[in-house]
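Shown next: coords_16.txt, given as compact mmCIF, C-alpha atoms (C1' of nucleotides).
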# COMPACT_ATOMS: atom_id res chain seq x y z
CA MET M 35 -3.35 -9.82 -16.65
CA PRO M 36 -4.11 -8.17 -13.36
CA ALA M 37 -7.35 -6.28 -12.99
CA LYS M 38 -5.70 -2.87 -12.58
CA SER M 39 -8.43 -0.83 -11.05
CA ASP M 40 -7.56 2.60 -9.65
CA LEU M 41 -10.48 3.71 -7.57
CA PRO M 42 -11.95 7.01 -8.63
CA GLN M 43 -11.57 9.80 -6.16
CA GLY M 44 -13.99 9.61 -3.25
CA THR M 45 -14.86 5.97 -3.71
CA LEU M 46 -12.27 4.74 -1.26
CA ASP M 47 -13.85 6.62 1.62
CA LEU M 48 -17.20 5.10 0.87
CA LEU M 49 -15.81 1.58 0.81
CA ILE M 50 -13.86 2.05 4.03
CA LEU M 51 -16.92 3.40 5.81
CA LYS M 52 -18.94 0.47 4.59
CA ILE M 53 -16.44 -2.13 5.78
CA ALA M 54 -16.08 -0.39 9.14
CA ALA M 55 -19.85 -0.45 9.47
CA LEU M 56 -19.73 -4.24 9.60
CA GLY M 57 -17.83 -4.16 12.89
CA PRO M 58 -14.54 -2.90 14.37
CA ILE M 59 -11.62 -3.71 12.13
CA HIS M 60 -8.05 -2.54 11.65
CA GLY M 61 -6.68 -0.86 8.56
CA TYR M 62 -4.69 -3.65 7.11
CA ALA M 63 -7.66 -5.99 7.40
CA ILE M 64 -9.91 -3.48 5.65
CA ALA M 65 -7.67 -3.56 2.61
CA GLN M 66 -7.59 -7.36 2.63
CA ARG M 67 -11.32 -7.62 2.96
CA LEU M 68 -11.97 -5.23 0.11
CA GLN M 69 -9.64 -7.17 -2.11
CA GLN M 70 -11.15 -10.54 -1.19
CA VAL M 71 -14.77 -9.56 -1.50
CA SER M 72 -14.23 -7.79 -4.81
CA ARG M 73 -12.16 -10.66 -6.21
CA ASP M 74 -9.13 -8.40 -6.65
CA VAL M 75 -10.99 -5.71 -8.53
CA VAL M 76 -10.51 -3.36 -5.60
CA GLN M 77 -6.92 -3.17 -4.42
CA VAL M 78 -5.93 -0.54 -1.92
CA PRO M 79 -2.26 0.43 -1.71
CA GLN M 80 -1.10 1.42 1.75
CA GLY M 81 -0.20 4.86 0.49
CA SER M 82 -3.91 5.39 -0.16
CA LEU M 83 -5.26 3.43 2.77
CA TYR M 84 -3.66 5.12 5.74
CA PRO M 85 -4.14 8.72 4.59
CA ALA M 86 -7.78 7.85 3.97
CA LEU M 87 -8.19 6.39 7.47
CA HIS M 88 -6.63 9.46 9.08
CA ARG M 89 -8.78 11.70 6.95
CA LEU M 90 -11.94 9.91 8.05
CA GLU M 91 -10.83 9.93 11.67
CA ASN M 92 -10.11 13.66 11.54
CA ARG M 93 -13.52 14.29 10.10
CA GLY M 94 -15.07 12.39 12.99
CA LEU M 95 -16.51 9.64 10.84
CA LEU M 96 -14.33 6.91 12.29
CA ALA M 97 -13.05 6.38 15.83
CA ALA M 98 -10.10 4.16 16.72
CA ASP M 99 -8.80 2.12 19.66
CA TRP M 100 -5.67 0.04 19.98
CA LYS M 101 -6.49 -3.57 20.62
CA GLU M 102 -5.00 -6.97 20.13
CA THR M 103 -5.66 -8.87 16.93
CA GLU M 104 -6.56 -12.54 16.85
CA THR M 105 -2.91 -13.27 16.19
CA GLY M 106 -1.83 -11.42 19.33
CA ARG M 107 -0.51 -8.24 17.78
CA GLU M 108 -1.39 -4.63 18.54
CA ALA M 109 -3.45 -2.90 15.89
CA LYS M 110 -5.67 0.13 15.57
CA PHE M 111 -9.29 -0.89 15.33
CA TYR M 112 -11.61 1.49 13.58
CA ARG M 113 -15.33 1.76 14.11
CA LEU M 114 -18.01 3.94 12.61
CA THR M 115 -19.24 6.89 14.65
CA ARG M 116 -22.84 8.02 14.55
CA LYS M 117 -21.75 10.76 12.19
CA GLY M 118 -19.91 8.21 10.10
CA ARG M 119 -23.02 6.12 9.74
CA ALA M 120 -24.99 9.09 8.49
CA GLN M 121 -22.21 9.95 6.08
CA LEU M 122 -22.12 6.39 4.80
CA GLU M 123 -25.80 6.52 4.00
CA THR M 124 -25.44 9.82 2.21
CA GLU M 125 -22.49 8.67 0.18
CA ALA M 126 -24.05 5.34 -0.65
CA ALA M 127 -27.15 7.11 -1.91
CA SER M 128 -25.02 9.47 -4.03
CA TRP M 129 -23.13 6.53 -5.39
CA ARG M 130 -26.32 4.78 -6.43
CA ARG M 131 -27.75 7.92 -8.01
CA LEU M 132 -24.56 8.54 -9.92
CA THR M 133 -24.02 5.00 -11.16
CA GLU M 134 -27.61 4.87 -12.29
CA ALA M 135 -27.14 8.08 -14.27
CA VAL M 136 -23.87 6.94 -15.79
CA GLY M 137 -25.47 3.62 -16.63
CA ILE M 138 -28.20 5.38 -18.56
CA ILE M 139 -25.65 7.42 -20.47
CA LEU M 140 -23.52 4.41 -21.32
CA ARG M 141 -26.54 2.65 -22.74
CA LEU M 142 -27.48 5.52 -25.05
CA ARG M 143 -27.83 4.79 -28.74
CA GLU M 144 -27.78 7.20 -31.63
CA GLY M 145 -31.13 8.91 -32.05
CA GLY M 146 -31.96 7.98 -28.48
CA ALA M 147 -33.49 10.13 -25.79
CA GLU M 148 -36.07 12.88 -25.46
CA MET E 279 -32.61 20.63 -3.12
CA PRO E 280 -30.26 20.33 -6.05
CA ALA E 281 -28.71 16.96 -6.77
CA LYS E 282 -25.15 18.16 -6.21
CA SER E 283 -23.10 15.44 -7.75
CA ASP E 284 -19.39 16.01 -8.33
CA LEU E 285 -18.17 13.37 -10.71
CA PRO E 286 -15.39 11.17 -9.42
CA GLN E 287 -12.06 11.46 -11.15
CA GLY E 288 -11.91 9.83 -14.56
CA THR E 289 -15.64 9.55 -14.97
CA LEU E 290 -15.97 12.75 -16.94
CA ASP E 291 -13.66 11.50 -19.67
CA LEU E 292 -15.70 8.36 -20.01
CA LEU E 293 -18.95 10.28 -20.35
CA ILE E 294 -17.53 12.72 -22.87
CA LEU E 295 -16.18 9.91 -25.01
CA LYS E 296 -19.54 8.21 -24.88
CA ILE E 297 -21.48 11.28 -25.97
CA ALA E 298 -18.98 12.01 -28.72
CA ALA E 299 -19.42 8.43 -29.92
CA LEU E 300 -23.03 9.21 -30.79
CA GLY E 301 -21.96 11.69 -33.43
CA PRO E 302 -20.02 14.95 -33.86
CA ILE E 303 -20.97 17.46 -31.22
CA HIS E 304 -19.53 20.62 -29.72
CA GLY E 305 -18.43 21.04 -26.12
CA TYR E 306 -21.26 23.14 -24.85
CA ALA E 307 -23.79 20.70 -26.24
CA ILE E 308 -22.01 17.78 -24.60
CA ALA E 309 -22.53 19.36 -21.20
CA GLN E 310 -26.17 20.08 -21.95
CA ARG E 311 -26.81 16.58 -23.18
CA LEU E 312 -25.22 14.98 -20.13
CA GLN E 313 -27.32 17.12 -17.86
CA GLN E 314 -30.55 16.42 -19.74
CA VAL E 315 -30.13 12.70 -20.09
CA SER E 316 -29.10 12.27 -16.46
CA ARG E 317 -31.92 14.46 -15.21
CA ASP E 318 -29.49 16.93 -13.66
CA VAL E 319 -27.52 14.29 -11.76
CA VAL E 320 -24.53 14.96 -13.99
CA GLN E 321 -23.65 18.63 -14.24
CA VAL E 322 -20.42 19.63 -15.89
CA PRO E 323 -18.97 23.04 -15.06
CA GLN E 324 -17.11 24.71 -17.91
CA GLY E 325 -13.92 24.72 -15.89
CA SER E 326 -14.05 20.94 -15.98
CA LEU E 327 -15.46 20.53 -19.46
CA TYR E 328 -12.96 22.39 -21.60
CA PRO E 329 -9.79 21.14 -19.94
CA ALA E 330 -11.19 17.61 -20.30
CA LEU E 331 -11.86 18.15 -24.01
CA HIS E 332 -8.35 19.47 -24.59
CA ARG E 333 -6.91 16.58 -22.62
CA LEU E 334 -8.78 14.07 -24.74
CA GLU E 335 -7.81 15.83 -27.92
CA ASN E 336 -4.14 15.88 -26.93
CA ARG E 337 -4.28 12.19 -26.18
CA GLY E 338 -5.62 11.59 -29.66
CA LEU E 339 -8.97 10.25 -28.47
CA LEU E 340 -10.99 13.10 -29.90
CA ALA E 341 -10.54 15.12 -33.08
CA ALA E 342 -12.12 18.51 -33.69
CA ASP E 343 -13.26 20.73 -36.55
CA TRP E 344 -14.79 24.17 -36.51
CA LYS E 345 -18.23 24.17 -38.01
CA GLU E 346 -21.43 26.08 -37.85
CA THR E 347 -24.09 25.12 -35.35
CA GLU E 348 -27.77 24.91 -36.19
CA THR E 349 -28.17 28.39 -34.79
CA GLY E 350 -25.53 29.77 -37.13
CA ARG E 351 -22.64 30.13 -34.74
CA GLU E 352 -19.09 28.82 -34.99
CA ALA E 353 -18.31 25.97 -32.66
CA LYS E 354 -15.74 23.23 -32.34
CA PHE E 355 -17.24 19.87 -33.18
CA TYR E 356 -15.61 16.86 -31.60
CA ARG E 357 -15.68 13.34 -32.89
CA LEU E 358 -14.23 10.10 -31.64
CA THR E 359 -11.07 8.81 -33.27
CA ARG E 360 -10.44 5.13 -33.77
CA LYS E 361 -8.19 5.25 -30.73
CA GLY E 362 -10.91 7.05 -28.81
CA ARG E 363 -13.39 4.34 -29.60
CA ALA E 364 -11.05 1.68 -28.26
CA GLN E 365 -10.44 3.76 -25.16
CA LEU E 366 -14.16 4.18 -24.64
CA GLU E 367 -14.67 0.45 -24.70
CA THR E 368 -11.83 -0.12 -22.26
CA GLU E 369 -13.07 2.52 -19.88
CA ALA E 370 -16.67 1.41 -20.08
CA ALA E 371 -15.60 -2.13 -19.24
CA SER E 372 -13.56 -0.88 -16.29
CA TRP E 373 -16.49 1.14 -15.12
CA ARG E 374 -18.81 -1.84 -15.23
CA ARG E 375 -16.31 -4.04 -13.42
CA LEU E 376 -15.75 -1.45 -10.76
CA THR E 377 -19.39 -0.59 -10.13
CA GLU E 378 -20.20 -4.26 -9.92
CA ALA E 379 -17.49 -4.74 -7.30
CA VAL E 380 -18.56 -1.69 -5.33
CA GLY E 381 -22.16 -2.84 -5.55
CA ILE E 382 -21.23 -6.16 -3.98
CA ILE E 383 -19.40 -4.41 -1.18
CA LEU E 384 -22.23 -2.01 -0.48
CA ARG E 385 -24.64 -4.91 -0.17
CA LEU E 386 -22.52 -6.77 2.40
CA ARG E 387 -24.14 -7.72 5.68
CA GLU E 388 -22.44 -8.63 8.91
CA GLY E 389 -21.31 -12.23 8.91
CA GLY E 390 -21.63 -12.18 5.14
CA ALA E 391 -19.23 -13.31 2.46
CA GLU E 392 -15.88 -14.93 2.08
C1' DG K 218 -29.86 52.16 -28.64
C1' DC K 219 -28.89 49.44 -24.31
C1' DA K 220 -29.07 45.80 -20.90
C1' DT K 221 -29.60 41.08 -20.12
C1' DA K 222 -29.52 36.28 -20.97
C1' DA K 223 -28.07 32.37 -23.51
C1' DT K 224 -24.63 30.35 -26.45
C1' DA K 225 -19.86 29.11 -26.96
C1' DT K 226 -15.05 29.12 -26.04
C1' DG K 227 -11.20 29.43 -23.02
C1' DT K 228 -7.50 30.16 -18.77
C1' DA K 229 -5.64 30.41 -13.89
C1' DG K 230 -5.22 28.96 -9.40
C1' DA K 231 -6.64 26.40 -5.37
C1' DA K 232 -7.91 22.24 -3.30
C1' DG K 233 -7.99 17.21 -2.87
C1' DA K 234 -7.11 12.39 -3.79
C1' DT K 235 -4.40 8.62 -5.30
C1' DC K 236 -0.26 6.18 -5.53
C1' DG K 237 4.62 4.72 -5.79
C1' DA K 238 8.38 4.54 -2.93
C1' DG K 239 10.23 4.58 1.12
C1' DG K 240 10.67 3.52 6.45
C1' DT K 241 9.71 0.98 11.13
C1' DA K 242 8.76 -2.96 13.89
C1' DA K 243 7.07 -7.53 15.56
C1' DC K 244 6.17 -12.22 14.91
C1' DT K 245 6.61 -16.87 12.35
C1' DT K 246 8.89 -20.28 9.80
C1' DC K 247 12.67 -22.55 8.05
C1' DG C 67 19.50 -15.51 11.04
C1' DA C 68 17.08 -14.69 6.77
C1' DA C 69 12.82 -14.25 4.62
C1' DG C 70 7.98 -13.52 4.59
C1' DT C 71 3.87 -11.67 6.52
C1' DT C 72 1.44 -8.61 9.43
C1' DA C 73 0.74 -3.88 10.72
C1' DC C 74 1.67 0.79 11.12
C1' DC C 75 3.24 5.26 8.92
C1' DT C 76 5.00 9.55 5.76
C1' DC C 77 6.49 12.07 1.67
C1' DG C 78 6.22 13.96 -2.85
C1' DA C 79 4.73 13.67 -7.62
C1' DT C 80 0.86 13.78 -10.35
C1' DC C 81 -3.56 14.39 -11.91
C1' DT C 82 -8.59 16.08 -11.65
C1' DT C 83 -11.88 18.86 -10.47
C1' DC C 84 -13.92 23.21 -9.42
C1' DT C 85 -14.54 28.30 -8.59
C1' DA C 86 -13.83 32.35 -10.75
C1' DC C 87 -12.66 34.99 -14.36
C1' DA C 88 -12.37 36.58 -19.27
C1' DT C 89 -14.06 36.93 -24.12
C1' DA C 90 -17.27 37.15 -28.13
C1' DT C 91 -21.69 36.48 -30.63
C1' DT C 92 -26.64 36.27 -31.04
C1' DA C 93 -31.37 36.99 -29.39
C1' DT C 94 -34.82 39.32 -26.45
C1' DG C 95 -36.98 43.02 -24.05
C1' DC C 96 -37.64 47.87 -23.18

Reformat the file's structure so that it appears as structure tokens.
Amino acid sequence: MPAKSDLPQGTLDLLILKIAALGPIHGYAIAQRLQQVSRDVVQVPQGSLYPALHRLENRGLLAADWKETETGREAKFYRLTRKGRAQLETEAASWRRLTEAVGIILRLREGGAE
Amino acid sequence: MPAKSDLPQGTLDLLILKIAALGPIHGYAIAQRLQQVSRDVVQVPQGSLYPALHRLENRGLLAADWKETETGREAKFYRLTRKGRAQLETEAASWRRLTEAVGIILRLREGGAE
DNA sequence: GCATAATATGTAGAAGATCGAGGTAACTTC
DNA sequence: GAAGTTACCTCGATCTTCTACATATTATGC
């Protein structure tokens, strides 16, 4: 059984920014890397990937240049802008705050808090 | 500065199911409880809350009865159905798997994993 | 008696994100 | 020359969330 995972809204942007922060990389490779690192928990369909990249580029968080890949093909390499780096930090902090809060809630027991 | 938090899609259902699992409770109180326990990180606007409750009820995950609150007012008390309990477990497991994966990604360093 | 706030429910409409399905093209391997 | 992989892209359906609005009851203050 495949680990069907459906990223919640907003999460994809955070992950893309994070991967791009590790060094210039093209879209297709971002999706592969996410899938590898997460052991298939995170799977990004192309219909989500490319709109997200364009969205981030339009917002000035990513910048792109066409370059040659290692295999000698043209691809669009994305890198984080200064603004993108700031955004990444903000979103990562929100993510941590939120997951911490949700974690607390999920661990509640009857007759628990206050 | 308020901890503006905007729950990602799907998360609200999970949290509602979890709170309802602790015992019958009405909608307004669910929102209050979430906010209290999370120290204001999770804030549920009514325009999100009630549609979510109806959604969950229609899917057969919650069941509702009108009862009197402690303050003597009529309110709709929700409780988890058997199906809802199963769904809660599934969603909680997904949530853990996902946050774990995202956590790994957010901790990546250049020249890191594979 | 009247205004305000808190409790408690609900709807309508706009805005955004994800995703399945489709399309293009180049390069590699058999 | 057919198939598979890499690499880009768009469109439309679908679902959530959120802002704003609407309603009714109870409690508090003046």

Fit target chain E, mobile chain M, all Cα in order, as a compact mmCIF listing (two decimals) with C-alpha atoms, in the coordinates of the input:
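For reference, superposed08.txt as written:
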# COMPACT_ATOMS: atom_id res chain seq x y z
CA MET M 35 -32.46 20.79 -3.08
CA PRO M 36 -30.20 20.43 -6.07
CA ALA M 37 -28.68 17.05 -6.79
CA LYS M 38 -25.10 18.15 -6.13
CA SER M 39 -23.11 15.48 -7.82
CA ASP M 40 -19.37 16.02 -8.27
CA LEU M 41 -18.17 13.43 -10.71
CA PRO M 42 -15.41 11.24 -9.39
CA GLN M 43 -12.10 11.63 -11.10
CA GLY M 44 -11.91 9.90 -14.47
CA THR M 45 -15.63 9.58 -14.95
CA LEU M 46 -15.95 12.78 -16.93
CA ASP M 47 -13.66 11.50 -19.67
CA LEU M 48 -15.71 8.38 -20.02
CA LEU M 49 -18.95 10.30 -20.34
CA ILE M 50 -17.53 12.74 -22.87
CA LEU M 51 -16.18 9.91 -25.00
CA LYS M 52 -19.54 8.21 -24.88
CA ILE M 53 -21.47 11.30 -25.95
CA ALA M 54 -18.98 12.02 -28.73
CA ALA M 55 -19.42 8.46 -29.92
CA LEU M 56 -23.03 9.24 -30.77
CA GLY M 57 -21.97 11.71 -33.45
CA PRO M 58 -20.02 14.97 -33.85
CA ILE M 59 -20.96 17.48 -31.21
CA HIS M 60 -19.51 20.63 -29.70
CA GLY M 61 -18.43 21.06 -26.11
CA TYR M 62 -21.21 23.17 -24.82
CA ALA M 63 -23.77 20.75 -26.24
CA ILE M 64 -22.02 17.81 -24.59
CA ALA M 65 -22.52 19.38 -21.20
CA GLN M 66 -26.18 20.10 -21.95
CA ARG M 67 -26.80 16.61 -23.17
CA LEU M 68 -25.23 15.01 -20.13
CA GLN M 69 -27.33 17.15 -17.86
CA GLN M 70 -30.55 16.44 -19.75
CA VAL M 71 -30.12 12.72 -20.10
CA SER M 72 -29.10 12.29 -16.47
CA ARG M 73 -31.94 14.49 -15.23
CA ASP M 74 -29.49 16.95 -13.66
CA VAL M 75 -27.55 14.33 -11.77
CA VAL M 76 -24.55 14.98 -13.99
CA GLN M 77 -23.66 18.64 -14.25
CA VAL M 78 -20.43 19.65 -15.88
CA PRO M 79 -19.00 23.08 -15.05
CA GLN M 80 -17.11 24.72 -17.88
CA GLY M 81 -13.97 24.76 -15.80
CA SER M 82 -14.05 20.96 -15.93
CA LEU M 83 -15.44 20.56 -19.42
CA TYR M 84 -12.93 22.41 -21.54
CA PRO M 85 -9.78 21.12 -19.85
CA ALA M 86 -11.20 17.63 -20.27
CA LEU M 87 -11.86 18.17 -23.99
CA HIS M 88 -8.34 19.48 -24.55
CA ARG M 89 -6.92 16.60 -22.58
CA LEU M 90 -8.78 14.07 -24.71
CA GLU M 91 -7.80 15.86 -27.90
CA ASN M 92 -4.14 15.90 -26.87
CA ARG M 93 -4.27 12.22 -26.16
CA GLY M 94 -5.63 11.61 -29.64
CA LEU M 95 -8.96 10.26 -28.47
CA LEU M 96 -11.00 13.11 -29.89
CA ALA M 97 -10.54 15.14 -33.07
CA ALA M 98 -12.12 18.53 -33.68
CA ASP M 99 -13.26 20.72 -36.58
CA TRP M 100 -14.82 24.15 -36.58
CA LYS M 101 -18.26 24.09 -38.09
CA GLU M 102 -21.47 26.01 -37.95
CA THR M 103 -24.12 25.05 -35.43
CA GLU M 104 -27.79 24.79 -36.28
CA THR M 105 -28.21 28.30 -34.96
CA GLY M 106 -25.57 29.66 -37.34
CA ARG M 107 -22.70 30.09 -34.93
CA GLU M 108 -19.14 28.78 -35.14
CA ALA M 109 -18.33 25.98 -32.75
CA LYS M 110 -15.74 23.26 -32.36
CA PHE M 111 -17.22 19.89 -33.16
CA TYR M 112 -15.60 16.90 -31.56
CA ARG M 113 -15.67 13.37 -32.87
CA LEU M 114 -14.24 10.12 -31.63
CA THR M 115 -11.07 8.84 -33.27
CA ARG M 116 -10.44 5.15 -33.78
CA LYS M 117 -8.20 5.28 -30.74
CA GLY M 118 -10.92 7.07 -28.83
CA ARG M 119 -13.40 4.34 -29.61
CA ALA M 120 -11.05 1.69 -28.29
CA GLN M 121 -10.44 3.76 -25.18
CA LEU M 122 -14.16 4.19 -24.65
CA GLU M 123 -14.66 0.45 -24.70
CA THR M 124 -11.84 -0.11 -22.26
CA GLU M 125 -13.06 2.53 -19.88
CA ALA M 126 -16.66 1.42 -20.10
CA ALA M 127 -15.61 -2.12 -19.27
CA SER M 128 -13.56 -0.88 -16.29
CA TRP M 129 -16.48 1.17 -15.14
CA ARG M 130 -18.80 -1.82 -15.23
CA ARG M 131 -16.30 -4.05 -13.43
CA LEU M 132 -15.75 -1.45 -10.76
CA THR M 133 -19.39 -0.58 -10.15
CA GLU M 134 -20.21 -4.25 -9.92
CA ALA M 135 -17.50 -4.72 -7.29
CA VAL M 136 -18.56 -1.68 -5.32
CA GLY M 137 -22.15 -2.83 -5.54
CA ILE M 138 -21.22 -6.15 -3.98
CA ILE M 139 -19.38 -4.40 -1.17
CA LEU M 140 -22.23 -2.01 -0.47
CA ARG M 141 -24.62 -4.91 -0.16
CA LEU M 142 -22.49 -6.76 2.40
CA ARG M 143 -24.08 -7.71 5.69
CA GLU M 144 -22.41 -8.64 8.93
CA GLY M 145 -21.26 -12.24 8.90
CA GLY M 146 -21.44 -12.18 5.12
CA ALA M 147 -18.93 -13.49 2.63
CA GLU M 148 -16.52 -16.37 2.26

Using all atoms listed in the file and a distance of at most 12 Å, pull out the residues of chain M that contact chain K, as a ChimeraX atom specification.
/M:39-47,77-86,89,105-109

Could you save the residues just selected, with C-alpha atoms, as a PDB file, keeping the file's coordinate frame?
ATOM      1  CA  SER M  39      -8.430  -0.830 -11.050  1.00  0.00           C
ATOM      2  CA  ASP M  40      -7.560   2.600  -9.650  1.00  0.00           C
ATOM      3  CA  LEU M  41     -10.480   3.710  -7.570  1.00  0.00           C
ATOM      4  CA  PRO M  42     -11.950   7.010  -8.630  1.00  0.00           C
ATOM      5  CA  GLN M  43     -11.570   9.800  -6.160  1.00  0.00           C
ATOM      6  CA  GLY M  44     -13.990   9.610  -3.250  1.00  0.00           C
ATOM      7  CA  THR M  45     -14.860   5.970  -3.710  1.00  0.00           C
ATOM      8  CA  LEU M  46     -12.270   4.740  -1.260  1.00  0.00           C
ATOM      9  CA  ASP M  47     -13.850   6.620   1.620  1.00  0.00           C
ATOM     10  CA  GLN M  77      -6.920  -3.170  -4.420  1.00  0.00           C
ATOM     11  CA  VAL M  78      -5.930  -0.540  -1.920  1.00  0.00           C
ATOM     12  CA  PRO M  79      -2.260   0.430  -1.710  1.00  0.00           C
ATOM     13  CA  GLN M  80      -1.100   1.420   1.750  1.00  0.00           C
ATOM     14  CA  GLY M  81      -0.200   4.860   0.490  1.00  0.00           C
ATOM     15  CA  SER M  82      -3.910   5.390  -0.160  1.00  0.00           C
ATOM     16  CA  LEU M  83      -5.260   3.430   2.770  1.00  0.00           C
ATOM     17  CA  TYR M  84      -3.660   5.120   5.740  1.00  0.00           C
ATOM     18  CA  PRO M  85      -4.140   8.720   4.590  1.00  0.00           C
ATOM     19  CA  ALA M  86      -7.780   7.850   3.970  1.00  0.00           C
ATOM     20  CA  ARG M  89      -8.780  11.700   6.950  1.00  0.00           C
ATOM     21  CA  THR M 105      -2.910 -13.270  16.190  1.00  0.00           C
ATOM     22  CA  GLY M 106      -1.830 -11.420  19.330  1.00  0.00           C
ATOM     23  CA  ARG M 107      -0.510  -8.240  17.780  1.00  0.00           C
ATOM     24  CA  GLU M 108      -1.390  -4.630  18.540  1.00  0.00           C
ATOM     25  CA  ALA M 109      -3.450  -2.900  15.890  1.00  0.00           C
TER      26      ALA M 109
END

Residues of chain C within 12 Å of chain E, all atoms listed in the file counted, as a list in words
DC81, DT82, DT83, DC84, DT85, DA86, DC87, DA90, DT91, DT92 and DA93 of chain C

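Any residue of chain M with an atom no more than 7 Å from chain E counts as a contact; using only C-alpha atoms, that gives Pro42, Gln43, Gly44, Lys52, Leu56, Val71, Ser72, Val75, Leu132, Ala135, Ile139, Leu140, Arg143 and Glu144 of chain M.
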
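Interatomic distance, atom C1' of C:DC74 against atom CA of M:Glu91: 15.5 Å.
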
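The two atoms in question, atom C1' of C:DA73 and atom CA of M:His60, are spaced 8.9 Å apart.
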
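The point (-11.6, -0.3, 13.4) has these residues within 9 Å of it when all atoms listed in the file are used: Ala54, Gly57, Pro58, Ile59, His60, Gly61, Ile64, Leu96, Ala97, Ala98, Asp99, Trp100, Ala109, Lys110, Phe111, Tyr112, Arg113 and Leu114 of chain M.
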
Rounded to one decimal, what separation in Å do you get between atom CA of M:Ala127 and atom CA of M:Ala63?
25.3 Å

Would you compute the box with edges along x, y and z of the file around stretch 119-125 of chain M, including every atom the file lists for it and 3 Å extra on each side, and give its centre and edge lengths in Å to one decimal, as JSON?
{"center_x": -24.0, "center_y": 8.0, "center_z": 5.0, "size_x": 9.7, "size_y": 9.8, "size_z": 15.6}
